[in-house]
file protein17.pdb (PDB, C-alpha atoms and all ligand atoms)
ATOM      1  CA  MET G 537       0.000   0.000   0.000
ATOM      2  CA  ALA G 538       1.269   3.456  -0.915
ATOM      3  CA  LYS G 539       2.093   5.972   1.776
ATOM      4  CA  ILE G 540      -0.393   8.588   0.566
ATOM      5  CA  GLY G 541      -4.019   7.803  -0.230
ATOM      6  CA  LEU G 542      -5.723  10.325  -2.493
ATOM      7  CA  PHE G 543      -9.499  10.008  -2.182
ATOM      8  CA  TYR G 544     -11.606  11.941  -4.683
ATOM      9  CA  ALA G 545     -15.168  12.391  -5.867
ATOM     10  CA  THR G 546     -16.050  13.442  -9.395
ATOM     11  CA  ASP G 547     -19.063  14.057 -11.596
ATOM     12  CA  THR G 548     -17.702  15.220 -14.960
ATOM     13  CA  VAL G 549     -14.141  13.833 -14.440
ATOM     14  CA  ASN G 550     -12.294  17.134 -13.842
ATOM     15  CA  THR G 551     -11.398  16.093 -10.302
ATOM     16  CA  ARG G 552     -10.234  12.651 -11.435
ATOM     17  CA  LYS G 553      -7.956  14.333 -13.996
ATOM     18  CA  ILE G 554      -6.505  16.581 -11.302
ATOM     19  CA  ALA G 555      -5.972  13.539  -9.058
ATOM     20  CA  LYS G 556      -3.983  11.928 -11.880
ATOM     21  CA  ARG G 557      -1.940  15.087 -12.351
ATOM     22  CA  ILE G 558      -1.131  15.091  -8.631
ATOM     23  CA  LYS G 559      -0.103  11.438  -8.819
ATOM     24  CA  LYS G 560       2.388  12.279 -11.565
ATOM     25  CA  GLN G 561       4.172  14.654  -9.188
ATOM     26  CA  PHE G 562       5.115  11.779  -6.861
ATOM     27  CA  GLU G 563       7.442   8.834  -7.258
ATOM     28  CA  GLU G 564       6.094   5.449  -8.286
ATOM     29  CA  GLY G 565       4.398   3.763  -5.328
ATOM     30  CA  GLU G 566       4.231   6.860  -3.112
ATOM     31  CA  ILE G 567       0.588   7.649  -3.814
ATOM     32  CA  GLU G 568      -2.520   5.701  -4.726
ATOM     33  CA  LEU G 569      -5.849   7.077  -6.033
ATOM     34  CA  PHE G 570      -9.285   6.016  -4.793
ATOM     35  CA  ASP G 571     -12.673   7.085  -6.180
ATOM     36  CA  VAL G 572     -14.915   7.476  -3.096
ATOM     37  CA  ALA G 573     -17.804   6.002  -5.087
ATOM     38  CA  LYS G 574     -15.886   2.723  -5.246
ATOM     39  CA  THR G 575     -14.288   2.427  -1.812
ATOM     40  CA  THR G 576     -15.019   2.864   1.894
ATOM     41  CA  PRO G 577     -13.272   4.849   4.664
ATOM     42  CA  ASP G 578     -11.668   1.618   5.920
ATOM     43  CA  THR G 579      -9.217   1.930   2.994
ATOM     44  CA  MET G 580      -7.833   5.013   4.767
ATOM     45  CA  LYS G 581      -6.561   2.849   7.601
ATOM     46  CA  ASP G 582      -3.872   1.466   5.282
ATOM     47  CA  CYS G 583      -2.627   4.939   4.261
ATOM     48  CA  GLU G 584      -0.164   6.962   6.326
ATOM     49  CA  THR G 585      -1.282  10.351   5.019
ATOM     50  CA  LEU G 586      -4.284  11.540   3.045
ATOM     51  CA  ILE G 587      -5.415  13.884   0.291
ATOM     52  CA  ILE G 588      -9.132  14.421  -0.315
ATOM     53  CA  GLY G 589     -10.400  16.188  -3.445
ATOM     54  CA  THR G 590     -13.927  17.168  -4.421
ATOM     55  CA  PRO G 591     -15.901  19.293  -6.851
ATOM     56  CA  THR G 592     -18.873  21.309  -5.586
ATOM     57  CA  LEU G 593     -22.160  20.269  -7.185
ATOM     58  CA  GLY G 594     -25.821  21.313  -6.960
ATOM     59  CA  ASP G 595     -26.064  24.648  -5.180
ATOM     60  CA  GLY G 596     -22.989  24.453  -3.003
ATOM     61  CA  GLU G 597     -23.318  20.747  -2.269
ATOM     62  CA  LEU G 598     -21.128  17.707  -1.793
ATOM     63  CA  PRO G 599     -21.202  15.046  -4.511
ATOM     64  CA  GLU G 600     -23.517  12.280  -3.281
ATOM     65  CA  PRO G 601     -20.789   9.565  -3.076
ATOM     66  CA  LEU G 602     -18.611  11.858  -0.931
ATOM     67  CA  ALA G 603     -21.539  12.689   1.374
ATOM     68  CA  GLU G 604     -22.036   8.956   1.841
ATOM     69  CA  PHE G 605     -18.322   8.332   2.365
ATOM     70  CA  LEU G 606     -18.017  11.127   4.938
ATOM     71  CA  GLY G 607     -21.111   9.789   6.689
ATOM     72  CA  GLN G 608     -19.257   6.507   7.315
ATOM     73  CA  LEU G 609     -16.075   8.204   8.466
ATOM     74  CA  ASP G 610     -15.014   8.312  12.111
ATOM     75  CA  SER G 611     -11.909   9.452  13.948
ATOM     76  CA  SER G 612     -10.379   5.938  13.828
ATOM     77  CA  HIS G 613      -9.929   6.366  10.069
ATOM     78  CA  LEU G 614      -8.004   9.603  10.545
ATOM     79  CA  ASN G 615      -5.997   8.936  13.668
ATOM     80  CA  GLY G 616      -3.865  12.114  13.617
ATOM     81  CA  LYS G 617      -2.716  11.604   9.990
ATOM     82  CA  PRO G 618      -2.002  14.746   7.967
ATOM     83  CA  VAL G 619      -4.911  15.409   5.580
ATOM     84  CA  ALA G 620      -4.605  17.890   2.693
ATOM     85  CA  LEU G 621      -7.744  19.010   0.858
ATOM     86  CA  PHE G 622      -8.395  20.346  -2.622
ATOM     87  CA  GLY G 623     -11.616  21.514  -4.230
ATOM     88  CA  LEU G 624     -12.836  22.316  -7.716
ATOM     89  CA  GLY G 625     -15.483  24.927  -8.417
ATOM     90  CA  ASP G 626     -16.757  27.552 -10.821
ATOM     91  CA  GLN G 627     -16.372  31.093  -9.487
ATOM     92  CA  VAL G 628     -18.252  32.672 -12.421
ATOM     93  CA  GLY G 629     -21.234  30.309 -12.477
ATOM     94  CA  TYR G 630     -21.513  29.911  -8.685
ATOM     95  CA  PRO G 631     -19.972  33.023  -7.071
ATOM     96  CA  ALA G 632     -22.076  32.699  -3.902
ATOM     97  CA  GLU G 633     -21.374  28.972  -3.381
ATOM     98  CA  PHE G 634     -17.821  28.848  -4.634
ATOM     99  CA  VAL G 635     -16.126  25.549  -3.658
ATOM    100  CA  ASP G 636     -18.582  25.124  -0.765
ATOM    101  CA  ALA G 637     -18.046  21.339  -0.791
ATOM    102  CA  LEU G 638     -14.429  21.933   0.200
ATOM    103  CA  GLY G 639     -15.649  23.843   3.264
ATOM    104  CA  ILE G 640     -18.255  21.199   4.106
ATOM    105  CA  THR G 641     -15.592  18.471   3.889
ATOM    106  CA  TYR G 642     -13.214  20.505   6.067
ATOM    107  CA  LYS G 643     -15.876  21.068   8.725
ATOM    108  CA  LYS G 644     -16.724  17.374   8.936
ATOM    109  CA  LEU G 645     -13.053  16.348   9.185
ATOM    110  CA  LYS G 646     -12.265  19.058  11.730
ATOM    111  CA  LYS G 647     -15.104  17.794  13.911
ATOM    112  CA  LEU G 648     -13.521  14.326  13.824
ATOM    113  CA  GLY G 649     -10.221  15.807  15.012
ATOM    114  CA  ALA G 650      -8.341  15.551  11.692
ATOM    115  CA  ASN G 651      -4.875  17.056  11.309
ATOM    116  CA  LEU G 652      -5.681  19.318   8.348
ATOM    117  CA  ILE G 653      -2.880  20.873   6.305
ATOM    118  CA  GLY G 654      -2.519  22.817   3.044
ATOM    119  CA  SER G 655      -4.542  26.028   3.370
ATOM    120  CA  TRP G 656      -4.379  28.303   0.349
ATOM    121  CA  PRO G 657      -4.538  32.107  -0.244
ATOM    122  CA  VAL G 658      -7.657  33.715  -1.755
ATOM    123  CA  GLU G 659      -5.728  36.050  -4.038
ATOM    124  CA  GLY G 660      -6.427  35.498  -7.731
ATOM    125  CA  TYR G 661     -10.050  34.360  -7.362
ATOM    126  CA  GLU G 662     -13.214  36.481  -7.724
ATOM    127  CA  PHE G 663     -16.303  35.336  -5.853
ATOM    128  CA  GLU G 664     -18.869  36.584  -3.342
ATOM    129  CA  LYS G 665     -19.099  33.839  -0.771
ATOM    130  CA  SER G 666     -17.532  30.490   0.043
ATOM    131  CA  LYS G 667     -17.896  28.017   2.884
ATOM    132  CA  ALA G 668     -14.266  27.047   2.246
ATOM    133  CA  LEU G 669     -12.905  30.181   3.957
ATOM    134  CA  ARG G 670     -11.276  30.086   7.419
ATOM    135  CA  ASP G 671      -9.300  33.009   8.825
ATOM    136  CA  GLY G 672      -9.141  34.693   5.400
ATOM    137  CA  GLU G 673      -7.748  31.665   3.558
ATOM    138  CA  PHE G 674      -9.177  28.696   1.717
ATOM    139  CA  VAL G 675      -8.993  25.494   3.761
ATOM    140  CA  GLY G 676      -7.307  23.713   0.852
ATOM    141  CA  LEU G 677      -6.150  24.166  -2.716
ATOM    142  CA  VAL G 678      -8.846  25.702  -4.940
ATOM    143  CA  LEU G 679      -8.908  25.000  -8.670
ATOM    144  CA  ASP G 680     -11.321  26.399 -11.249
ATOM    145  CA  GLN G 681     -11.135  24.335 -14.425
ATOM    146  CA  ASP G 682     -14.126  26.198 -15.873
ATOM    147  CA  ASN G 683     -12.534  29.658 -15.827
ATOM    148  CA  GLN G 684      -8.876  29.454 -14.804
ATOM    149  CA  ALA G 685      -7.561  26.149 -16.152
ATOM    150  CA  ASP G 686      -4.472  27.994 -17.363
ATOM    151  CA  LEU G 687      -3.497  28.665 -13.722
ATOM    152  CA  THR G 688      -3.872  25.078 -12.552
ATOM    153  CA  ASP G 689      -0.330  23.852 -13.252
ATOM    154  CA  GLU G 690       1.188  26.746 -11.342
ATOM    155  CA  ARG G 691      -1.252  26.387  -8.414
ATOM    156  CA  LEU G 692      -0.734  22.643  -8.192
ATOM    157  CA  GLU G 693       3.012  22.975  -8.231
ATOM    158  CA  GLU G 694       3.095  25.579  -5.474
ATOM    159  CA  TRP G 695       0.601  23.768  -3.261
ATOM    160  CA  LEU G 696       2.364  20.432  -3.627
ATOM    161  CA  GLU G 697       5.654  22.060  -2.725
ATOM    162  CA  ARG G 698       4.009  23.184   0.533
ATOM    163  CA  VAL G 699       2.273  19.923   1.481
ATOM    164  CA  LYS G 700       4.631  17.285   0.069
ATOM    165  CA  PRO G 701       7.096  17.139   2.994
ATOM    166  CA  GLU G 702       4.297  16.457   5.483
ATOM    167  CA  LEU G 703       2.517  14.013   3.202
ATOM    168  CA  LEU G 704       5.724  12.058   2.715
ATOM    169  CA  GLY G 705       6.569  12.222   6.423
ATOM    170  CA  GLU G 706       9.774  14.145   5.759
ATOM    171  CA  THR G 707      11.120  16.720   8.201
ATOM    172  CA  VAL G 708      10.731  20.244   6.900
ATOM    173  CA  ALA G 709      14.110  21.962   6.814
ATOM    174  CA  GLY G 710      14.540  25.325   8.529
TER     175      GLY G 710
HETATM  176  C1  LIG G 801     -24.753  20.805 -11.795
HETATM  177  C2  LIG G 801     -23.511  21.539 -11.354
HETATM  178  C3  LIG G 801     -23.551  22.269 -10.185
HETATM  179  C4  LIG G 801     -22.401  22.970  -9.746
HETATM  180  N1  LIG G 801     -22.446  23.700  -8.584
HETATM  181  C5  LIG G 801     -21.351  24.383  -8.168
HETATM  182  C6  LIG G 801     -21.372  25.148  -6.970
HETATM  183  O1  LIG G 801     -22.367  25.229  -6.250
HETATM  184  N2  LIG G 801     -20.221  25.813  -6.609
HETATM  185  C7  LIG G 801     -19.077  25.764  -7.372
HETATM  186  O2  LIG G 801     -18.081  26.375  -6.994
HETATM  187  N3  LIG G 801     -19.031  25.024  -8.510
HETATM  188  C8  LIG G 801     -20.130  24.351  -8.941
HETATM  189  N4  LIG G 801     -20.079  23.599 -10.084
HETATM  190  C9  LIG G 801     -18.834  23.559 -10.874
HETATM  191  C10 LIG G 801     -18.056  22.281 -10.658
HETATM  192  O3  LIG G 801     -17.643  22.135  -9.307
HETATM  193  C11 LIG G 801     -16.822  22.283 -11.568
HETATM  194  O4  LIG G 801     -17.237  22.303 -12.907
HETATM  195  C12 LIG G 801     -15.889  21.127 -11.339
HETATM  196  O5  LIG G 801     -14.729  21.299 -12.129
HETATM  197  C13 LIG G 801     -16.521  19.778 -11.672
HETATM  198  O6  LIG G 801     -15.654  18.742 -11.296
HETATM  199  P1  LIG G 801     -15.897  17.221 -11.726
HETATM  200  O7  LIG G 801     -15.748  17.187 -13.238
HETATM  201  O8  LIG G 801     -14.850  16.444 -11.042
HETATM  202  O9  LIG G 801     -17.283  16.840 -11.319
HETATM  203  C14 LIG G 801     -21.221  22.921 -10.527
HETATM  204  C15 LIG G 801     -21.204  22.169 -11.722
HETATM  205  C16 LIG G 801     -22.327  21.478 -12.126
HETATM  206  C17 LIG G 801     -22.290  20.691 -13.413
END

call {"tool": "encode", "arguments": {"input": "protein17.pdb", "output": "C-alpha cells"}}
result
Amino acid sequence: MAKIGLFYATDTVNTRKIAKRIKKQFEEGEIELFDVAKTTPDTMKDCETLIIGTPTLGDGELPEPLAEFLGQLDSSHLNGKPVALFGLGDQVGYPAEFVDALGITYKKLKKLGANLIGSWPVEGYEFEKSKALRDGEFVGLVLDQDNQADLTDERLEEWLERVKPELLGETVAG
C-alpha cells in the first residue's frame, strides 16, 4: 500500500484528472488514487497520510458519493494523519457557493479531530461567498477548471511544494 491515499469524488471527471496530475508529481508507489464512489473509509486505515479532493455540485453541495463516504467516516480512520484538501469549483457560475463542498468536507473532518494541512490564499479568485474560507484563507487548494484552467499547473506545483514534505513524512528543513 502506498504511503499517501488520495481520495476523490467526481461528476464530470475534472477532479479525477486533477488527481492523476497530482499522482504524476510523486514517485512510483508513493501515492494511490481512490474514487470514493468505489471504496469505503476503511481503505484510509492502510494509508499513512491523506489527500481528499472534491468538486462542488448542486447549489454548493457535496457530490452524493462523498456525502455517503463522509457519513461513514469516524476518527479511527483519521488517527492524527495529515490530511490535505483540494476543491474544484466555478467562481463565475456559482460566485455565492464557490467551492462550498471543500468547506463542508473541512468542517466534517475538523469535527472528527483531523490534522488538516494545506490552506491556500484567496488572491487570484473572484467570488462573493464560500464556505471554504477560514481566517481569510481557503482550507485547501482551490482550482477552477471552468474559468482558470491555465493557472492550474502553477497552483498545483506551489501547493504540492508546501504539502509534500508532510505528506511524505519528511522533516521540513529550517
Ligand atoms: C450541476 C452543477 C452544479 C455545480 N455547482 C457548483 C457550486 O455550487 N459551486 C461551485 O463552486 N461550482 C459548482 N459547479 C462547478 C463544478 O464544481 C466544476 O465544474 C468542477 O470542475 C466539476 O468537477 P468534476 O468534473 O470532477 O465533477 C457545478 C457544476 C455542475 C455541473

call {"tool": "closest_residue", "arguments": {"input": "protein17.pdb", "among": "G:Ala668, G:Leu679, G:Leu692, G:Ile588", "to": "Ala620 in chain G", "atoms": "all atoms listed in the file"}}
result
G:Ile588

call {"tool": "resolve_selection", "arguments": {"input": "protein17.pdb", "expression": "the PyMOL selection byres (((chain G and resi 559-565) around 10) and not hetatm)", "output": "PDB file with C-alpha atoms, in the frame of the given file"}}
result
ATOM      1  CA  MET G 537       0.000   0.000   0.000  1.00  0.00           C
ATOM      2  CA  ALA G 538       1.269   3.456  -0.915  1.00  0.00           C
ATOM      3  CA  LYS G 539       2.093   5.972   1.776  1.00  0.00           C
ATOM      4  CA  ILE G 540      -0.393   8.588   0.566  1.00  0.00           C
ATOM      5  CA  LEU G 542      -5.723  10.325  -2.493  1.00  0.00           C
ATOM      6  CA  LYS G 553      -7.956  14.333 -13.996  1.00  0.00           C
ATOM      7  CA  ILE G 554      -6.505  16.581 -11.302  1.00  0.00           C
ATOM      8  CA  ALA G 555      -5.972  13.539  -9.058  1.00  0.00           C
ATOM      9  CA  LYS G 556      -3.983  11.928 -11.880  1.00  0.00           C
ATOM     10  CA  ARG G 557      -1.940  15.087 -12.351  1.00  0.00           C
ATOM     11  CA  ILE G 558      -1.131  15.091  -8.631  1.00  0.00           C
ATOM     12  CA  GLU G 566       4.231   6.860  -3.112  1.00  0.00           C
ATOM     13  CA  ILE G 567       0.588   7.649  -3.814  1.00  0.00           C
ATOM     14  CA  GLU G 568      -2.520   5.701  -4.726  1.00  0.00           C
ATOM     15  CA  LEU G 569      -5.849   7.077  -6.033  1.00  0.00           C
ATOM     16  CA  LEU G 692      -0.734  22.643  -8.192  1.00  0.00           C
ATOM     17  CA  GLU G 693       3.012  22.975  -8.231  1.00  0.00           C
ATOM     18  CA  LEU G 696       2.364  20.432  -3.627  1.00  0.00           C
ATOM     19  CA  GLU G 697       5.654  22.060  -2.725  1.00  0.00           C
ATOM     20  CA  LYS G 700       4.631  17.285   0.069  1.00  0.00           C
ATOM     21  CA  LEU G 704       5.724  12.058   2.715  1.00  0.00           C
TER      22      LEU G 704
END

call {"tool": "closest_residue", "arguments": {"input": "protein17.pdb", "among": "G:Leu677, G:Val619, G:Ala650, G:Ala685", "to": "ligand LIG 801 (chain G)", "atoms": "all atoms listed in the file"}}
result
G:Ala685

call {"tool": "closest_residue", "arguments": {"input": "protein17.pdb", "among": "G:Thr590, G:Thr579, G:Gln627, G:Ser666", "to": "Leu609 in chain G", "atoms": "all atoms listed in the file"}}
result
G:Thr579

call {"tool": "atom_distance", "arguments": {"input": "protein17.pdb", "atom1": "CA of Tyr630 in chain G", "atom2": "CA of Phe663 in chain G"}}
result
8.0 Å

call {"tool": "resolve_selection", "arguments": {"input": "protein17.pdb", "expression": "the PyMOL selection byres (((chain G and resi 623) around 8) and not hetatm)", "output": "list in words"}}
result
Gly589, Thr590, Pro591, Thr592, Leu621, Phe622, Leu624, Gly625, Val635, Ala637, Leu638, Gly676, Leu677, Val678 and Leu679 of chain G

call {"tool": "atom_distance", "arguments": {"input": "protein17.pdb", "atom1": "CA of Arg691 in chain G", "atom2": "CA of Gly594 in chain G"}}
result
25.1 Å

call {"tool": "residues_around", "arguments": {"input": "protein17.pdb", "residues": "Val572 in chain G", "least_positions_apart": "3", "cutoff": "7 Å", "atoms": "only C-alpha atoms", "output": "number ranges by chain"}}
result
G: 543-545, 575-576, 601-602, 605

call {"tool": "atom_distance", "arguments": {"input": "protein17.pdb", "atom1": "atom C14 of ligand LIG 801 (chain G)", "atom2": "CA of Gly639 in chain G"}}
result
14.9 Å
